[in-house]
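Have a look at the structure below before the remarks.
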Amino acid sequence: MEKNSSEESLDYRWYLVRKRVKEQFGQRPDVNAMLFLIGMNEVGIVKDEWTKEDKQDLMHVAVCKLLSHDGYYKFIGNNNEGWPQYEQNIGMPVFDIRSQEELLKEKIIEYFEAL
């Protein structure tokens with residue numbers, strides 16, 4: 001199966017973002033690791049150890065942040081611990097797994113390109 005130019009562009013931009021993160025942190029991250037990093041950046045807290053629940057919460061914050069640019073989520077403020085809080089603004093379309101991952105990759109790329 002041949003890739004079209006937009007897929008190649010996404011693949012290449014994804015490679016560049018992963019390379020950038022690898023140069024900073026020493027490991028080439030997958031989508032989940034990128035979401036974790038974005039979550040930490042958005043929360044503004046860096047710790048050596050995170051609980052499993054905290055990791056899930058960080059990834060949720062990242063997804064909400066990334067999808068807020070398209071209006072799916074709306075930032076409503078920080079809670080009393082300083083964590084960003086979002087509410088769903090509009091319903092998400094149903095995607096298959098591959099389409100979900102491609103959407104997240106595109107949003108992660110946009111996030112890092114804006115830094």
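In the structure tokens, each chain is lettered A, B, ... as it comes, each chain's residues begin at 1, and ligands are numbered from 1 in order of appearance.
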
**Request:** Check the DSSP output for the backbone and give back, as a list in words, the residues of range 3-79 of chain A in strand (DSSP E).
**Result:**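 Assigned to strand (DSSP E), within range 3-79 of chain A: Tyr73, Lys74, Phe75, Ile76, Gly77 and Asn78 of chain A.
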
**Item:** Surrounding residues of range 85-94 of chain A excluding itself and chain neighbours under 6 positions, 7 Å, only C-alpha atoms, as a PyMOL selection string
**Value:** chain A and resi 64+71-79

Could you turn the residues from that selection into a file that holds N, CA and C atoms, as a short mmCIF file (atom, residue, chain, number, x, y, z; two decimals), in the first residue's frame?
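Saved the output as result-v5.cif:
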```cif
data_model
loop_
_atom_site.label_atom_id
_atom_site.label_comp_id
_atom_site.auth_asym_id
_atom_site.auth_seq_id
_atom_site.Cartn_x
_atom_site.Cartn_y
_atom_site.Cartn_z
N CYS A 64 -7.18 16.15 26.58
CA CYS A 64 -8.12 17.27 26.64
C CYS A 64 -7.49 18.54 26.06
N GLY A 71 -12.19 22.26 19.69
CA GLY A 71 -13.48 22.51 20.33
C GLY A 71 -14.12 21.32 21.03
N TYR A 72 -13.43 20.18 21.06
CA TYR A 72 -14.03 19.01 21.71
C TYR A 72 -14.06 19.17 23.23
N TYR A 73 -13.06 19.81 23.77
CA TYR A 73 -13.01 20.08 25.21
C TYR A 73 -12.82 21.57 25.44
N LYS A 74 -13.25 22.01 26.62
CA LYS A 74 -13.13 23.42 26.98
C LYS A 74 -12.43 23.50 28.33
N PHE A 75 -11.39 24.31 28.41
CA PHE A 75 -10.68 24.53 29.66
C PHE A 75 -11.58 25.33 30.58
N ILE A 76 -11.78 24.84 31.82
CA ILE A 76 -12.67 25.53 32.75
C ILE A 76 -11.94 26.07 33.98
N GLY A 77 -10.63 25.86 34.05
CA GLY A 77 -9.85 26.37 35.16
C GLY A 77 -9.04 25.27 35.82
N ASN A 78 -8.29 25.65 36.84
CA ASN A 78 -7.49 24.69 37.59
C ASN A 78 -8.21 24.30 38.87
N ASN A 79 -8.01 23.05 39.29
CA ASN A 79 -8.60 22.64 40.57
C ASN A 79 -7.75 23.16 41.71
#
```

**Prompt:** How far is it from CA of Glu42 in chain A to CA of Val61 in chain A, in Å with one decimal?
**Reply:**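 About the pair CA of Glu42 in chain A and CA of Val61 in chain A: they are 7.5 Å apart.
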
**Request:** Tell me which protein, DNA and RNA residues are within 9 Å of Val63 in chain A, counting only C-alpha atoms, leaving out same-chain ones fewer than 6 positions away, and put them as an MDAnalysis selection string.
**Result:** chainID A and resid 35 38:39 104 107

**Prompt:** Contacts of Glu113 in chain A at 10 Å or less, counting only C-alpha atoms, minus same-chain residues fewer than 6 places along, as a list in words?
**Reply:**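 Counting only C-alpha atoms, the residues come to Arg13, Leu16, Val17 and Lys107 of chain A.
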
Same residues, N, CA and C atoms, output as an mmCIF file, in the first residue's frame:
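The file below, part.cif, is the result:
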```
data_model
loop_
_atom_site.group_PDB
_atom_site.id
_atom_site.type_symbol
_atom_site.label_atom_id
_atom_site.label_comp_id
_atom_site.auth_asym_id
_atom_site.auth_seq_id
_atom_site.Cartn_x
_atom_site.Cartn_y
_atom_site.Cartn_z
ATOM 1 N N ARG A 13 6.878 14.416 10.038
ATOM 2 C CA ARG A 13 6.739 15.360 11.149
ATOM 3 C C ARG A 13 6.740 14.613 12.480
ATOM 4 N N LEU A 16 10.274 13.761 13.311
ATOM 5 C CA LEU A 16 11.019 14.931 13.789
ATOM 6 C C LEU A 16 10.684 15.264 15.243
ATOM 7 N N VAL A 17 9.409 15.164 15.593
ATOM 8 C CA VAL A 17 9.013 15.457 16.982
ATOM 9 C C VAL A 17 9.584 14.408 17.928
ATOM 10 N N LYS A 107 -2.108 16.014 16.514
ATOM 11 C CA LYS A 107 -2.269 17.005 17.580
ATOM 12 C C LYS A 107 -0.991 17.133 18.415
#
```

**Request:** Could you jot down the CA of Arg98 in chain A to CA of Arg20 in chain A separation for me, Å, one decimal place?
**Result:**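 Taking CA of Arg98 in chain A and CA of Arg20 in chain A, their separation equals 23.5 Å.
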
**Request:** Could you pull out the residues in chain A that DSSP calls helix (DSSP H, G or I) from the backbone, as a ChimeraX atom specification?
**Result:** /A:5-25,31-43,52-68,97-114

**Request:** Go through A:Glu49, A:Asp11, A:Glu102, A:Ile108 one by one, measure the shortest atom-to-atom distance of each to Ala33 in chain A using only C-alpha atoms, and give the residue with the smallest value.
**Result:**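 The closest residue to Ala33 in chain A is A:Ile108.
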
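Residue nearest Pro84 in chain A, chosen from A:Asn32, A:Ser9, A:Gln27, A:Asn41 and counting only C-alpha atoms: A:Asn41.
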
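Here CA of Asp54 in chain A stands at a distance of 26.5 Å from CA of Asp96 in chain A.
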